[in-house]
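Peer 1: Take this structure, written in structure tokens, and hold onto it; I'll ask about it next.
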Amino acid sequence: MSGPPRAVAVLRHAVRGGLRRSPHPVLAACSGGADSVALAAALAFEARDAGVRVGGVTVDHGLQPGSAQRARETAELLARLGLDPVLVLPVQVTEAGGPEGAAREARYAALASAAVEHDARIALGHTLDDQAETVLLGLGRGSGPRSVAGMVEDRPPFWRPLLGVRRATTREACADQGLPVWDDPWNVDPAYTRVRLRTEALPLLEEVLGGGVAPALARTAALVREDLDALDGIAAAELARLAGEVGDGSLPARPLEPLPAAVRRRVLRGWLLAAGIPDLQAVHLRAVEALVTRWRGQGRVDLPGGAGVVRASGSLVVLPPEVRRADPGPAPLEEPLP
């Protein structure tokens, strides 16, 4: 007996293992495009054997004419595939950060809320090609290794099972199954940087380098992510050791100084996040690090949310927002190093 067409088999194989890893229901996020429709169809098929309930969700951003009708049609397609429940989530998109960024923020917030409400994982249709574009954007912006590491397959509540699948394969799978596909006009609008990467930069790199650029970028992301995960693990162990020595929420400063910078900054970041500091940026982290590596008796470092950090009696101490600059805390500031 013959099996499914090659592209359909690739999609089903891509979701099979991850679907069985958790008993939690899955909601397939679907825009109506080829990637997410192919993902939804594969999940609907594999759900029968996995014993996992699979539903669908589509987000209406309200940014294009007919968006509500498009969302309804997508929901109807998901229902025909056998997904249950099927949700349509209208969102309000602000103008902050540009239309693309604002739409993404509103979409992810709505999907995260749906995940909580239904105790579900959200399956996203990002492909290997999306991963390559993300890595290239990170390289071009100099955003550091975390951005070059690209998207993570499984970061609850979001699950991206297609990061090893090419975009052309998802389109082929839809054609093989007679599934309708909607091509978002934003995806071909050169006003967006990612579109120009997709239609101009990557094809040029493929031509100049002789092909294989997108898979190579995706492999680079995986290798960088392995290194980052290792560093994160080392830093977490170091933070637990140092914080355990004092047990009062402070962090000994001098043991941090000889650590490699990549580990030291992770320790500081983990410590600050555990203290409830919101919206921590690189500029804040480096200012706190200077209390360790360039200690000259400087005062409080201000942090988001009104909190601050001082170095007192050999330790870094987080001051809550109500403690003002004039009051560095109960412990006297140590003498700066000569």
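For the structure tokens, the naming scheme is as follows: chains receive sequential letters (A, B, ...) according to their order of presentation, residues are indexed from 1 within each chain, and ligands are indexed from 1 in presentation order.
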Could you give me the residues within range 121-244 of chain A that DSSP places in strand (DSSP E or B), as a VMD selection string?
Peer 2: chain A and resid 121 to 123 154 to 155 158 to 159
Peer 1: I want to know what sits within 10 Å of Arg21 in chain A, based on only C-alpha atoms, with residues of the same chain fewer than 5 positions away left out; could you give that as a ChimeraX atom specification?
Peer 2: /A:16,50,52
Peer 1: Can you spit out the residues from that selection as a CSV table (one decimal), in the first residue's frame, using N, CA and C atoms?
Peer 2:
chain,number,residue,atom,x,y,z
A,16,ARG,N,5.3,14.5,14.7
A,16,ARG,CA,4.9,13.3,15.4
A,16,ARG,C,5.5,13.2,16.8
A,50,ALA,N,-1.8,9.9,18.4
A,50,ALA,CA,-1.1,10.4,19.5
A,50,ALA,C,-2.0,10.5,20.8
A,52,VAL,N,-3.8,13.0,21.6
A,52,VAL,CA,-3.7,14.3,22.1
A,52,VAL,C,-4.7,15.2,21.3
Peer 1: So that I can see what lies close to Ala68 in chain A, please list as a compact mmCIF listing (two decimals) with C-alpha atoms, in the first residue's frame the residues with an atom at most 12 Å from it, counting only C-alpha atoms and leaving out residues fewer than 5 positions away in the same chain.
Peer 2:
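Contents of part.txt, freshly written:
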# COMPACT_ATOMS: atom_id res chain seq x y z
CA SER A 31 -2.95 32.50 9.45
CA THR A 58 -6.44 32.23 14.14
CA VAL A 59 -5.79 35.86 14.99
CA ASP A 60 -7.62 38.74 13.32
CA HIS A 61 -5.30 41.75 13.46
CA GLY A 62 -7.86 44.01 11.78
CA LEU A 63 -5.13 45.68 9.72
CA GLU A 73 -12.58 31.30 6.40
CA THR A 74 -9.42 30.12 8.12
CA ALA A 75 -11.45 28.95 11.11
CA VAL A 88 -10.90 33.32 16.33
CA LEU A 89 -9.08 35.97 18.36
CA PRO A 90 -9.57 39.63 17.34
CA VAL A 91 -6.77 41.89 18.61
Peer 1: Select, from A:Ala240, A:Ala34, A:Leu291, A:Val86, the residue with the minimum atom-to-atom distance to Asp184 in chain A, counting only C-alpha atoms.
Peer 2: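 The closest residue to Asp184 in chain A is A:Ala34.
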Peer 1: What lies within 9 Å of range 198-205 of chain A using only C-alpha atoms, ignoring chain neighbours under 3 positions off, as a PyMOL selection string?
Peer 2: chain A and resi 129-130+132-133+136+188+190+193-195+208-211+213-214
Peer 1: Could you find all residues in range 138-337 of chain A that DSSP calls alpha helix (DSSP H) from the backbone, and write them as a PyMOL selection string?
Peer 2: chain A and resi 138-141+145-148+167-176+193-196+202-209+213-246+261-274+282-293
Peer 1: Counting only C-alpha atoms, give me one row per residue of range 141-240 of chain A with an atom at most 12 Å from an atom of range 79-83 of chain A, showing the shortest contact pair and its distance in Å to one decimal, sorted by chain then residue number, as JSON lines.
Peer 2:
{"residue": "A:Gln177", "atom": "CA", "partner": "A:Leu81", "partner_atom": "CA", "distance": 11.0}
{"residue": "A:Gly178", "atom": "CA", "partner": "A:Leu81", "partner_atom": "CA", "distance": 11.8}
{"residue": "A:Leu179", "atom": "CA", "partner": "A:Leu81", "partner_atom": "CA", "distance": 9.7}
{"residue": "A:Pro180", "atom": "CA", "partner": "A:Leu81", "partner_atom": "CA", "distance": 11.8}
Peer 1: Those same residues, written as an mmCIF file, in the first residue's frame with N, CA, C and O atoms?
Peer 2:
data_model
loop_
_atom_site.group_PDB
_atom_site.id
_atom_site.type_symbol
_atom_site.label_atom_id
_atom_site.label_comp_id
_atom_site.auth_asym_id
_atom_site.auth_seq_id
_atom_site.Cartn_x
_atom_site.Cartn_y
_atom_site.Cartn_z
ATOM 1 N N GLN A 177 -2.608 17.938 -0.834
ATOM 2 C CA GLN A 177 -3.835 17.618 -0.097
ATOM 3 C C GLN A 177 -5.021 18.469 -0.536
ATOM 4 O O GLN A 177 -6.115 18.362 0.046
ATOM 5 N N GLY A 178 -4.809 19.322 -1.547
ATOM 6 C CA GLY A 178 -5.888 20.167 -2.040
ATOM 7 C C GLY A 178 -6.351 21.197 -1.040
ATOM 8 O O GLY A 178 -7.529 21.574 -1.016
ATOM 9 N N LEU A 179 -5.422 21.675 -0.204
ATOM 10 C CA LEU A 179 -5.776 22.642 0.824
ATOM 11 C C LEU A 179 -5.607 24.065 0.302
ATOM 12 O O LEU A 179 -4.565 24.400 -0.277
ATOM 13 N N PRO A 180 -6.602 24.934 0.499
ATOM 14 C CA PRO A 180 -6.484 26.318 0.029
ATOM 15 C C PRO A 180 -5.452 27.085 0.844
ATOM 16 O O PRO A 180 -5.318 26.885 2.054
#
Peer 1: Restricting the calculation to only C-alpha atoms, which member of A:Asp176, A:Glu153, A:Glu226, A:Glu257 is positioned closest to Leu124 in chain A?
Peer 2: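 Under the stated criterion, the closest residue is A:Glu153.
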Peer 1: Excluding Glu322 in chain A and any residue of its chain fewer than 6 positions from it, enumerate the residues within 10 Å of it, using only C-alpha atoms, and give them as a list in words.
Peer 2: Gly306, Ala307 and Gly308 of chain A
Peer 1: Which neighbours of range 259-268 of chain A fall inside 8 Å, counting only C-alpha atoms, when residues of the same chain fewer than 4 positions from it are skipped, and could you give them as a ChimeraX atom specification?
Peer 2: /A:231-232,234-236,238-239,255,272,285-286,288-289
Peer 1: Name all residues at most 12 Å from Asp227 in chain A (count only C-alpha atoms; drop same-chain ones fewer than 2 positions away) and give them as a PyMOL selection string.
Peer 2: chain A and resi 145-146+148-149+220-225+229-234+262-263
Peer 1: Keeping N, CA, C and O atoms for every residue in the selection just given, could you write it to a file as a short mmCIF file (atom, residue, chain, number, x, y, z; two decimals), in the first residue's frame?
Peer 2:
data_model
loop_
_atom_site.label_atom_id
_atom_site.label_comp_id
_atom_site.auth_asym_id
_atom_site.auth_seq_id
_atom_site.Cartn_x
_atom_site.Cartn_y
_atom_site.Cartn_z
N PRO A 145 24.80 36.94 20.35
CA PRO A 145 24.62 35.51 20.05
C PRO A 145 23.20 35.01 20.26
O PRO A 145 22.77 34.07 19.60
N ARG A 146 22.46 35.61 21.20
CA ARG A 146 21.11 35.13 21.45
C ARG A 146 20.24 35.28 20.21
O ARG A 146 19.43 34.40 19.88
N VAL A 148 21.41 35.43 17.08
CA VAL A 148 21.96 34.55 16.05
C VAL A 148 21.51 33.11 16.31
O VAL A 148 21.43 32.29 15.39
N ALA A 149 21.22 32.78 17.55
CA ALA A 149 20.73 31.43 17.88
C ALA A 149 19.34 31.19 17.34
O ALA A 149 18.86 30.05 17.33
N THR A 220 23.96 26.92 11.94
CA THR A 220 24.70 27.86 12.78
C THR A 220 23.87 28.23 14.01
O THR A 220 24.40 28.29 15.13
N ALA A 221 22.59 28.47 13.82
CA ALA A 221 21.72 28.80 14.95
C ALA A 221 21.71 27.67 15.97
O ALA A 221 21.80 27.92 17.19
N ALA A 222 21.64 26.43 15.50
CA ALA A 222 21.61 25.29 16.43
C ALA A 222 22.92 25.18 17.21
O ALA A 222 22.92 24.91 18.42
N LEU A 223 24.06 25.41 16.54
CA LEU A 223 25.36 25.32 17.21
C LEU A 223 25.52 26.43 18.25
O LEU A 223 26.00 26.20 19.36
N VAL A 224 25.11 27.65 17.88
CA VAL A 224 25.20 28.76 18.82
C VAL A 224 24.30 28.52 20.02
O VAL A 224 24.66 28.80 21.17
N ARG A 225 23.12 27.95 19.77
CA ARG A 225 22.19 27.70 20.87
C ARG A 225 22.77 26.67 21.84
O ARG A 225 22.58 26.79 23.06
N ASP A 229 23.25 27.48 25.74
CA ASP A 229 22.63 26.65 26.77
C ASP A 229 23.68 26.18 27.78
O ASP A 229 23.42 26.11 28.99
N ALA A 230 24.88 25.85 27.27
CA ALA A 230 25.96 25.42 28.18
C ALA A 230 26.37 26.57 29.10
O ALA A 230 26.54 26.38 30.32
N LEU A 231 26.53 27.76 28.55
CA LEU A 231 26.90 28.92 29.37
C LEU A 231 25.81 29.24 30.39
O LEU A 231 26.10 29.58 31.54
N ASP A 232 24.56 29.13 29.97
CA ASP A 232 23.46 29.39 30.89
C ASP A 232 23.49 28.41 32.06
O ASP A 232 23.24 28.78 33.21
N GLY A 233 23.80 27.15 31.76
CA GLY A 233 23.87 26.15 32.82
C GLY A 233 24.99 26.42 33.80
O GLY A 233 24.82 26.30 35.03
N ILE A 234 26.16 26.79 33.28
CA ILE A 234 27.30 27.12 34.14
C ILE A 234 26.97 28.32 35.02
O ILE A 234 27.24 28.33 36.24
N ALA A 262 31.25 36.30 29.86
CA ALA A 262 29.98 35.71 29.42
C ALA A 262 29.26 35.02 30.56
O ALA A 262 28.02 35.03 30.62
N VAL A 263 30.01 34.41 31.48
CA VAL A 263 29.40 33.75 32.63
C VAL A 263 28.98 34.80 33.66
O VAL A 263 27.88 34.74 34.23
#
Peer 1: Between CA of Ala123 in chain A and CA of Glu46 in chain A, what is the distance in Å, rounded to a tenth?
Peer 2: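 Computed distance, CA of Ala123 in chain A to CA of Glu46 in chain A, equals 13.5 Å.
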